[in-house]
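Asks: Please find one structure pasted underneath; my questions will follow.
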Amino acid sequence: MQVAVSMDEHELSIEGMTCASCVSRVEKALGAVAGVRDAVVNLATERATVMATGVSPEALVAAVARAGYQATPVDDASPPPALHAGEPLWPVLLAAALSLPLVLPMVGLLFGADWMLEGWMQLALATPVQFGLGARFYKAGWRALRAGAGNMDLLVALGTSAGYGLSVYLMFQHADHGTPHLYFEASSVIVTLVLLGKWLEARARRQTTAAIAALQALRPEVARVRTARGEMDLPLARVEVGDVVVIRPGERVPVDGTVIEGASQVDESLITGESLPVARHEGDAVIGGSVNAEGLLLVRTTAVGSESTLARIVRMVESAQARKAPIQRAVDRVSAVFVPVVLVLATLTLLGWGLGTGDWEQAILNAVAVLVIACPCALGLATPTAIMAGTGVAARHGILIKDAEALELAHRIGTVAFDKTGTLTEGKPTLVAAEAAPGFETVLLAWSAAMQAGSEHPLAQAVLDAARRAGTEQLSAGKVAAVAGRGLSAEVQGRSLRLGSTRYMQELGVDLSALQATADALQDEGRTLSWLADVTAVPALIGLLAFGDAPKASAAAAVARLQALKVRTVMITGDNRGSARVVAEQLGLDQVEAEVLPADKADIVNRLKAGGRTVAMVGDGINDAPALALADVGIAMSTGTDVAMQAAGITLMRGDPALVADAIDISRRTWRKIRQNLFWAFAYNVVGIPLAAAGLLDPVVAGAAMALSSVSVVSNALMLRGWRR
C-alpha cells in the first residue's frame with residue numbers, strides 16, 4: 001500500500017538574474033536539493049516556485065546562494081512584483097555623460113573636425129564607466145563563473161574589457177608617436193547602452209504586472225467596524241469573520257460579506273470586469289475591493305485576508321504569471337547552452353581573424369562584437385512577458401487564468417461545450433405549469449414542495465416559491481434521498497413518492513399516458529419536465545411539473561462570436577431533448593447532447609476530443625467538475641460552485657458566456673505575441689552573430705542591438721494591454 005506524501009509549495013523572490021541562462025542555473029540549483037520535485041523560475045517576475053517534500057525555505061535559499069544569486073522567501077504579506085522598485089536611472093545618465101565626450105570626436109570626424117581627446121583624458125572618462133558603473137557586470141559574471149556557467153553579464157564584461165584593454169595597450173604602445181585610434185568610446189557606449197536597455201526593460205516589465213498592482217490597490221487598509229462600544233476604525237488585519245462592517249457611500253468594501261442592512265449600487269468592475277454597477281440589497285453578497293456607490297451598507301464579514309475573493313484572485317493571477325508555458329521549456333533548453341556557444345564563437349572569431357589576417361586589433365574588435373550582440377536575455381523574456389501581459393489584461397476583464405498552460409492551450413480551442421443551466425441560461429427556473437392526474441389536483445404542489453423543502457437545487461426553489469405563492473399546506477417529508485441523475489425519493493403522509501425525470505419514471509414502470517400529450521406540448525415549448533409518482537403499491541402517476549429557464553441576454557451573441565472565431569459550439573444538458581432543442585435553436589448552437597446523466601458528461605467531452613479538436617468545457621456546477629477536468633481547457637463560472645472552479649484552468653468572474661470568446665481571443669493574441677517575440681529574439685542572434693563574426697558589425701552597433709532586443713520583446717508584449725473586445 002502506497003502512502004501519499006504531501007507536497008509543500010515554496011515561493012522565492014530571486015535577485016541577480018539577468019538572462020535565460022540565469023534561469024536555467026537557478027532551476028538546476030533548486031532541483032538538486034533533496035526533496036525538491038519541481039522548480040520553476042520566471043525571469044520576468046523574478047520569482048521561483050518550488051514543489052518539495054520536507055524541505056525548509058532556508059535550504060532553498062542556501063542552494064540559490066551557492067548558484068550565485070540571492071533568494072528571499074515570499075509569503076502573503078510580501079508585495080507583488082509589480083510593487084517592487086525599478087532600476088535607478090542615475091547610472092544610465094552618468095554613464096551617458098561620461099561617454100558623450102568620447103563619442104563626439106567620432107561625430108566630428110564626419111565633418112572634417114579633429115576633436116580627438118588625449119589618450120589619458122579618454123582613459124579618465126572610460127575607467128569609471130567600465131569599472132564603476134559597469135561593476136555589476138563583473139560581479140554577476142564572476143558569480144556565474146564560480147557556479148561553472150555563463151550569462152549575459154559575463155558576455156558584456158568580457159566584450160567591454162577586451163575593448164578597454166585593447167585601448168590601454170595601444171595607448172601605451174604608441175605613446176611616443178602621438179595618440180593612436182583608441183576604442184574607449186566603444187566599451188563605454190556599450191556599457192551605457194546595456195544599462196539603458198536594462199532600465200527600459202525593468203520599466204516595461206513593471207507595466208506587465210500592472211494588473212496585480214491594480215488589484216492590490218483595491219484593498220483598503222482599515223475598516224469601520226460596529227461594536228458594542230460604537231463604531232471603530234480597525235486595521236484590516238484585526239477584522240474577523242462575523243464582524244459587522246459599516247460602508248458609507250463612496251467607500252471601498254474592505255471585506256467579503258453579506259449585506260444585513262441597507263441597499264446600494266456597487267461597482268465591481270475591477271474585480272469582475274462588469275462595467276455597470278450592480279444592485280445589492282439585504283441578503284446579497286458583496287466582494288472586498290468593490291466600491292459602494294450610493295447608500296449606507298451594513299455588511300457581516302464572511303472572509304478576510306488571504307481567504308477573501310480579492311486575495312484569491314491575486315494569487316491566481318500571480319500563479320499564472322509565475323508558471324511557464326510549455327513552449328518556454330524548449331526555449332530554456334536552448335538558453336542553457338547559449339552562452340558557452342557564444343564564447344566558443346567569439347574565440348573562433350578572434351583566432352580566425354588574427355591568424356588569417358594578422359590584424360589582431362581588428363580580430364579583437366570583431367570578437368567583442370560577437371560577445372555583445374548575443375542576447376540570451378531576449379530569449380528568456382519573450383514568453384513570460386507575453387504571458388504576464390495576457391493574464392493581466394484578462395484579469396482586468398473578469399477572466400482569471402489559473403496557469404500559463406491553460407492560456408497557451410486556449411488559443412487552439414476548436415470546440416466549446418457548454419453546460420446549459422446557469423451557463424447559457426439564467427439558472428433561475430420558474431414553475432410555469434403544474435398538471436395533476438385526475439384526483440390529485442389538491443396535493444401535487446404540496447407533496448412536491450414537501451419533498452424538496454431542504455434542497456438548494458434551482459428547480460426545487462422554483463417549486464417552493466410557487467407553493468408559497470399558492471398558499472398550499474406545508475407538509476413534512478421523511479426518508480428524503482437523492483437518486484443521482486434521476487430525481488428524489490421520499491415519504492409524505494404515509495405515501496412513498498418519487499419525483500424526477502421521464503427516464504426515472506420509465507425505470508419505475510409508471511404509466512405516463514394520462515399526461516403524455518400535455519408533456520409533449522410543454523417539451524415543444526422548451527420546458528423542463530419533472531414527474532411525481534406514488535410507488536407505495538402499484539406505481540401511479542400523480543402529476544407533472546414544467547419549468548422554464550430563459551437564456552441569458554448575452555448567450556446568443558456569445559455563441560455567434562465563437563462561431564466567428566471558427567469555434568464549434570455544443571450544449572450538454574440533462575434536460576429533455578425538446579427543451580434542449582428549443583434553447584439550441586434560440587442561441588444558434590451547432591450541436592446538442594440532451595438527457596445526459598452527470599457521469600456521462602465527461603464521456604461526451606472525451607468523444608469530442610477524439611475528433612482531433614482542442615475542447616473547452618464551460619460549466620458551473622459540481623456535476624460539471626469531471627468534464628471540466630477532462631477537457632483540454634476547463635472554463636468555470638465563478639457564480640457556480642468552488643468545486644467547478646478548482647477543476648477548471650480558467651474562471652470567469654461573472655456569469656457571462658461572452659467571456660468565453662474573450663478568453664479565446666486574448667489567448668490567441670497572446671500566443672501571437674509569443675511567436676513574434678521568439679522570432680525576433682532568435683533573429684537578433686541568428687543574424688547578428690554571423691555579421692559580427694564576419695567583421696560587418698561595429699561593437700557599438702552590436703551593443704545597441706543587444707539592448708534593443710530585450711526592450712523590443714517586452715514592448716511588443718505590452719501592446720496586449722490595449723486589448724478591447
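In the C-alpha cells, the first chain shown is A, the next is B, and so on; residue numbers restart at 1 for each chain, and ligands run from 1 in the order shown.
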I want to know what sits within 8 Å of Ala693 in chain A, based on only C-alpha atoms, with residues of the same chain fewer than 3 positions away left out; could you give that as a ChimeraX atom specification?

Replies: /A:345-346,349,366-367,369-370,689-690,696

Asks: Quick one: everything within 12 Å of Leu155 in chain A, counting only C-alpha atoms, minus sequence neighbours fewer than 6 positions away in the same chain. Send it as number ranges by chain.

Replies: A: 18-19, 21, 137-138, 140-142, 144-145, 149, 161-162, 190-191, 194, 338-346, 367-377, 703, 706

Asks: Give me, as number ranges by chain, all polymer residues having an atom no more than 8 Å from Met17 in chain A, counting only C-alpha atoms and skipping those fewer than 5 positions away in the same chain.

Replies: A: 22-23, 43, 46, 69

Asks: With N, CA and C atoms retained, write the just-selected residues as a tab-separated table (two decimals), in the first residue's frame.

Replies:
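Below is the file out_22.tsv, written as the result:
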chain	number	residue	atom	x	y	z
A	22	CYS	N	20.61	32.47	-16.55
A	22	CYS	CA	20.48	32.56	-15.09
A	22	CYS	C	19.30	31.72	-14.61
A	23	VAL	N	18.21	31.77	-15.35
A	23	VAL	CA	17.02	30.99	-15.01
A	23	VAL	C	17.36	29.50	-14.95
A	43	LEU	N	11.86	34.61	-15.19
A	43	LEU	CA	12.74	35.78	-15.29
A	43	LEU	C	11.95	37.08	-15.19
A	46	GLU	N	10.81	37.47	-11.63
A	46	GLU	CA	11.93	37.23	-10.70
A	46	GLU	C	11.46	36.42	-9.49
A	69	TYR	N	23.23	33.69	-6.55
A	69	TYR	CA	22.12	34.63	-6.54
A	69	TYR	C	21.58	34.77	-5.12

Asks: To one decimal place, how far is CA of Gly485 in chain A from CA of Pro598 in chain A in Å?

Replies: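 Rounded to one decimal, the two atoms are 6.2 Å apart.
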
Asks: Tell me which of A:Thr518, A:Gln362, A:Ser56, A:Ser554 sits closest to Gly35 in chain A, counting only C-alpha atoms.

Replies: A:Ser56

Asks: Hey, what's within 6 Å of Ser501 in chain A if we count only C-alpha atoms and toss same-chain stuff fewer than 2 positions away? As a count of residues only, please?

Replies: 4

Asks: Could you write out, as a compact mmCIF listing (two decimals) with N, CA, C and O atoms, in the first residue's frame, all the residues of range 636-720 of chain A that DSSP marks as helix (DSSP H, G or I)?

Replies:
# COMPACT_ATOMS: atom_id res chain seq x y z
N ASP A 642 -17.41 26.10 -5.90
CA ASP A 642 -15.95 26.10 -5.74
C ASP A 642 -15.33 24.86 -6.38
O ASP A 642 -14.22 24.91 -6.89
N VAL A 643 -16.05 23.74 -6.35
CA VAL A 643 -15.53 22.51 -6.94
C VAL A 643 -15.29 22.69 -8.43
O VAL A 643 -14.26 22.28 -8.98
N ALA A 644 -16.25 23.33 -9.11
CA ALA A 644 -16.09 23.58 -10.54
C ALA A 644 -14.89 24.47 -10.81
O ALA A 644 -14.10 24.22 -11.73
N MET A 645 -14.71 25.51 -9.99
CA MET A 645 -13.59 26.44 -10.20
C MET A 645 -12.25 25.77 -9.96
O MET A 645 -11.26 26.07 -10.62
N GLN A 646 -12.20 24.85 -8.99
CA GLN A 646 -10.96 24.13 -8.71
C GLN A 646 -10.58 23.22 -9.87
O GLN A 646 -9.40 23.00 -10.16
N ALA A 647 -11.57 22.68 -10.56
CA ALA A 647 -11.30 21.74 -11.65
C ALA A 647 -10.95 22.45 -12.95
O ALA A 647 -10.45 21.82 -13.88
N ALA A 658 -20.27 35.44 -22.86
CA ALA A 658 -19.46 36.19 -23.82
C ALA A 658 -17.99 36.20 -23.43
O ALA A 658 -17.11 36.38 -24.28
N LEU A 659 -17.69 35.99 -22.15
CA LEU A 659 -16.30 35.97 -21.69
C LEU A 659 -15.53 34.78 -22.24
O LEU A 659 -14.29 34.79 -22.26
N VAL A 660 -16.24 33.73 -22.67
CA VAL A 660 -15.55 32.56 -23.24
C VAL A 660 -14.83 32.97 -24.52
O VAL A 660 -13.66 32.65 -24.74
N ALA A 661 -15.54 33.70 -25.40
CA ALA A 661 -14.92 34.18 -26.63
C ALA A 661 -13.79 35.16 -26.32
O ALA A 661 -12.75 35.17 -26.99
N ASP A 662 -13.99 35.98 -25.29
CA ASP A 662 -12.93 36.92 -24.88
C ASP A 662 -11.67 36.17 -24.47
O ASP A 662 -10.55 36.54 -24.84
N ALA A 663 -11.85 35.10 -23.69
CA ALA A 663 -10.70 34.33 -23.21
C ALA A 663 -9.95 33.71 -24.39
O ALA A 663 -8.71 33.73 -24.43
N ILE A 664 -10.69 33.18 -25.36
CA ILE A 664 -10.04 32.58 -26.53
C ILE A 664 -9.31 33.65 -27.35
O ILE A 664 -8.18 33.45 -27.81
N ASP A 665 -9.95 34.81 -27.51
CA ASP A 665 -9.33 35.89 -28.29
C ASP A 665 -8.06 36.39 -27.61
O ASP A 665 -7.03 36.59 -28.27
N ILE A 666 -8.10 36.58 -26.29
CA ILE A 666 -6.90 37.03 -25.57
C ILE A 666 -5.80 35.99 -25.69
O ILE A 666 -4.63 36.32 -25.88
N SER A 667 -6.17 34.71 -25.57
CA SER A 667 -5.17 33.65 -25.69
C SER A 667 -4.52 33.66 -27.08
O SER A 667 -3.31 33.53 -27.21
N ARG A 668 -5.34 33.83 -28.12
CA ARG A 668 -4.79 33.84 -29.48
C ARG A 668 -3.85 35.02 -29.69
O ARG A 668 -2.80 34.89 -30.32
N ARG A 669 -4.25 36.18 -29.17
CA ARG A 669 -3.38 37.35 -29.32
C ARG A 669 -2.10 37.19 -28.51
O ARG A 669 -1.02 37.62 -28.94
N THR A 670 -2.20 36.57 -27.32
CA THR A 670 -1.01 36.32 -26.50
C THR A 670 -0.08 35.35 -27.21
O THR A 670 1.15 35.55 -27.25
N TRP A 671 -0.64 34.30 -27.77
CA TRP A 671 0.18 33.31 -28.49
C TRP A 671 0.88 33.96 -29.68
O TRP A 671 2.03 33.66 -29.98
N ARG A 672 0.15 34.87 -30.35
CA ARG A 672 0.76 35.58 -31.48
C ARG A 672 1.95 36.41 -31.00
O ARG A 672 3.00 36.45 -31.66
N LYS A 673 1.81 37.07 -29.84
CA LYS A 673 2.92 37.86 -29.30
C LYS A 673 4.10 36.97 -28.92
O LYS A 673 5.27 37.34 -29.11
N ILE A 674 3.81 35.80 -28.37
CA ILE A 674 4.89 34.88 -28.01
C ILE A 674 5.67 34.48 -29.26
O ILE A 674 6.91 34.50 -29.27
N ARG A 675 4.96 34.13 -30.32
CA ARG A 675 5.65 33.73 -31.54
C ARG A 675 6.45 34.89 -32.13
O ARG A 675 7.58 34.70 -32.60
N GLN A 676 5.88 36.11 -32.12
CA GLN A 676 6.60 37.27 -32.62
C GLN A 676 7.86 37.51 -31.78
O GLN A 676 8.95 37.77 -32.33
N ASN A 677 7.72 37.46 -30.46
CA ASN A 677 8.86 37.70 -29.58
C ASN A 677 9.97 36.68 -29.80
O ASN A 677 11.15 37.03 -29.85
N LEU A 678 9.59 35.40 -29.89
CA LEU A 678 10.60 34.37 -30.11
C LEU A 678 11.27 34.54 -31.47
O LEU A 678 12.49 34.33 -31.61
N PHE A 679 10.50 34.92 -32.47
CA PHE A 679 11.09 35.15 -33.80
C PHE A 679 12.15 36.25 -33.72
O PHE A 679 13.27 36.07 -34.21
N TRP A 680 11.79 37.38 -33.09
CA TRP A 680 12.75 38.48 -33.03
C TRP A 680 13.93 38.13 -32.15
O TRP A 680 15.08 38.50 -32.47
N ALA A 681 13.69 37.44 -31.04
CA ALA A 681 14.80 37.07 -30.16
C ALA A 681 15.80 36.17 -30.87
O ALA A 681 17.02 36.37 -30.78
N PHE A 682 15.29 35.17 -31.62
CA PHE A 682 16.19 34.30 -32.37
C PHE A 682 16.81 35.05 -33.57
O PHE A 682 17.97 34.85 -33.90
N ALA A 683 16.01 35.93 -34.20
CA ALA A 683 16.52 36.65 -35.37
C ALA A 683 17.69 37.54 -35.01
O ALA A 683 18.68 37.62 -35.75
N TYR A 684 17.59 38.24 -33.86
CA TYR A 684 18.70 39.09 -33.42
C TYR A 684 20.00 38.29 -33.37
O TYR A 684 21.06 38.74 -33.83
N ASN A 685 19.89 37.11 -32.79
CA ASN A 685 21.11 36.30 -32.61
C ASN A 685 21.54 35.59 -33.88
O ASN A 685 22.73 35.56 -34.22
N VAL A 686 20.57 35.01 -34.61
CA VAL A 686 20.92 34.25 -35.81
C VAL A 686 21.52 35.16 -36.89
O VAL A 686 22.44 34.78 -37.61
N VAL A 687 21.01 36.38 -36.99
CA VAL A 687 21.53 37.33 -37.98
C VAL A 687 22.73 38.09 -37.43
O VAL A 687 23.74 38.28 -38.12
N GLY A 688 22.61 38.56 -36.18
CA GLY A 688 23.64 39.43 -35.62
C GLY A 688 24.98 38.76 -35.38
O GLY A 688 26.04 39.33 -35.69
N ILE A 689 24.98 37.55 -34.83
CA ILE A 689 26.25 36.89 -34.50
C ILE A 689 27.09 36.61 -35.76
O ILE A 689 28.29 36.92 -35.77
N PRO A 690 26.52 36.05 -36.84
CA PRO A 690 27.33 35.87 -38.05
C PRO A 690 27.87 37.18 -38.63
O PRO A 690 29.01 37.24 -39.11
N LEU A 691 27.04 38.25 -38.60
CA LEU A 691 27.52 39.55 -39.09
C LEU A 691 28.69 40.05 -38.27
O LEU A 691 29.68 40.58 -38.81
N ALA A 692 28.57 39.90 -36.93
CA ALA A 692 29.66 40.33 -36.06
C ALA A 692 30.92 39.51 -36.32
O ALA A 692 32.04 40.05 -36.38
N ALA A 693 30.77 38.19 -36.47
CA ALA A 693 31.92 37.33 -36.72
C ALA A 693 32.58 37.64 -38.06
O ALA A 693 33.80 37.51 -38.22
N PRO A 699 31.23 47.16 -32.84
CA PRO A 699 30.86 46.79 -31.46
C PRO A 699 29.80 47.69 -30.84
O PRO A 699 28.95 47.23 -30.09
N VAL A 700 29.85 49.00 -31.15
CA VAL A 700 28.85 49.92 -30.60
C VAL A 700 27.46 49.58 -31.14
O VAL A 700 26.48 49.54 -30.41
N VAL A 701 27.37 49.33 -32.46
CA VAL A 701 26.10 48.94 -33.06
C VAL A 701 25.62 47.61 -32.47
O VAL A 701 24.43 47.43 -32.20
N ALA A 702 26.57 46.69 -32.25
CA ALA A 702 26.22 45.40 -31.65
C ALA A 702 25.64 45.59 -30.25
O ALA A 702 24.65 44.96 -29.88
N GLY A 703 26.25 46.48 -29.47
CA GLY A 703 25.75 46.74 -28.12
C GLY A 703 24.36 47.35 -28.14
O GLY A 703 23.50 47.00 -27.33
N ALA A 704 24.13 48.27 -29.08
CA ALA A 704 22.80 48.88 -29.21
C ALA A 704 21.76 47.84 -29.60
O ALA A 704 20.64 47.83 -29.07
N ALA A 705 22.11 46.95 -30.53
CA ALA A 705 21.18 45.91 -30.96
C ALA A 705 20.84 44.97 -29.82
O ALA A 705 19.69 44.54 -29.66
N MET A 706 21.86 44.62 -29.02
CA MET A 706 21.63 43.72 -27.89
C MET A 706 20.66 44.35 -26.88
O MET A 706 19.72 43.72 -26.41
N ALA A 707 20.89 45.65 -26.56
CA ALA A 707 20.00 46.34 -25.62
C ALA A 707 18.59 46.44 -26.20
O ALA A 707 17.60 46.25 -25.50
N LEU A 708 18.52 46.72 -27.51
CA LEU A 708 17.21 46.89 -28.15
C LEU A 708 16.42 45.59 -28.19
O LEU A 708 15.19 45.60 -28.11
N SER A 709 17.11 44.45 -28.30
CA SER A 709 16.40 43.18 -28.43
C SER A 709 15.52 42.90 -27.22
O SER A 709 14.36 42.49 -27.36
N SER A 710 16.05 43.12 -26.02
CA SER A 710 15.26 42.86 -24.81
C SER A 710 14.12 43.84 -24.69
O SER A 710 12.99 43.48 -24.35
N VAL A 711 14.42 45.12 -24.97
CA VAL A 711 13.38 46.14 -24.87
C VAL A 711 12.26 45.87 -25.88
O VAL A 711 11.08 46.03 -25.57
N SER A 712 12.62 45.43 -27.07
CA SER A 712 11.62 45.23 -28.12
C SER A 712 10.65 44.11 -27.78
O SER A 712 9.44 44.23 -28.02
N VAL A 713 11.13 43.00 -27.21
CA VAL A 713 10.22 41.89 -26.91
C VAL A 713 9.28 42.25 -25.77
O VAL A 713 8.10 41.89 -25.78
N VAL A 714 9.79 43.02 -24.78
CA VAL A 714 8.92 43.43 -23.68
C VAL A 714 7.90 44.45 -24.17
O VAL A 714 6.71 44.39 -23.83
N SER A 715 8.35 45.40 -24.99
CA SER A 715 7.44 46.42 -25.52
C SER A 715 6.37 45.78 -26.41
O SER A 715 5.20 46.19 -26.38
N ASN A 716 6.75 44.79 -27.18
CA ASN A 716 5.77 44.10 -28.02
C ASN A 716 4.73 43.40 -27.17
O ASN A 716 3.53 43.43 -27.48
N ALA A 717 5.16 42.78 -26.09
CA ALA A 717 4.21 42.12 -25.18
C ALA A 717 3.26 43.13 -24.55
O ALA A 717 2.07 42.85 -24.35
N LEU A 718 3.77 44.33 -24.25
CA LEU A 718 2.94 45.35 -23.60
C LEU A 718 1.79 45.82 -24.48
O LEU A 718 0.81 46.37 -23.98
N MET A 719 1.90 45.61 -25.78
CA MET A 719 0.82 46.01 -26.67
C MET A 719 -0.48 45.26 -26.37
O MET A 719 -1.57 45.70 -26.73
N LEU A 720 -0.35 44.10 -25.69
CA LEU A 720 -1.55 43.33 -25.31
C LEU A 720 -2.42 44.11 -24.33
O LEU A 720 -3.63 43.85 -24.23

Asks: I'd like to know which of A:Arg136, A:Arg248, A:Arg527, A:Arg300 is closest to Pro91 in chain A, using only C-alpha atoms.

Replies: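 Of A:Arg136, A:Arg248, A:Arg527, A:Arg300, the one nearest Pro91 in chain A is A:Arg136, counting only C-alpha atoms.
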
Asks: When you count only C-alpha atoms, which of these residues is closest to Asp403 in chain A: A:Ala580, A:Pro384, A:Leu60, A:Ala32?

Replies: A:Pro384

Asks: Tell me which protein, DNA and RNA residues are within 12 Å of Ala433 in chain A, counting only C-alpha atoms, leaving out same-chain ones fewer than 2 positions away, and put them as number ranges by chain.

Replies: A: 429-431, 435-436, 444-445, 462-463, 466, 518-519, 521-523, 525, 527-531, 543-548

Asks: Tell me which protein, DNA and RNA residues are within 12 Å of Val299 in chain A, counting only C-alpha atoms, leaving out same-chain ones fewer than 3 positions away, and put them as a PyMOL selection string.

Replies: chain A and resi 223-226+241-248+253-264+280-288+292+296+302-303
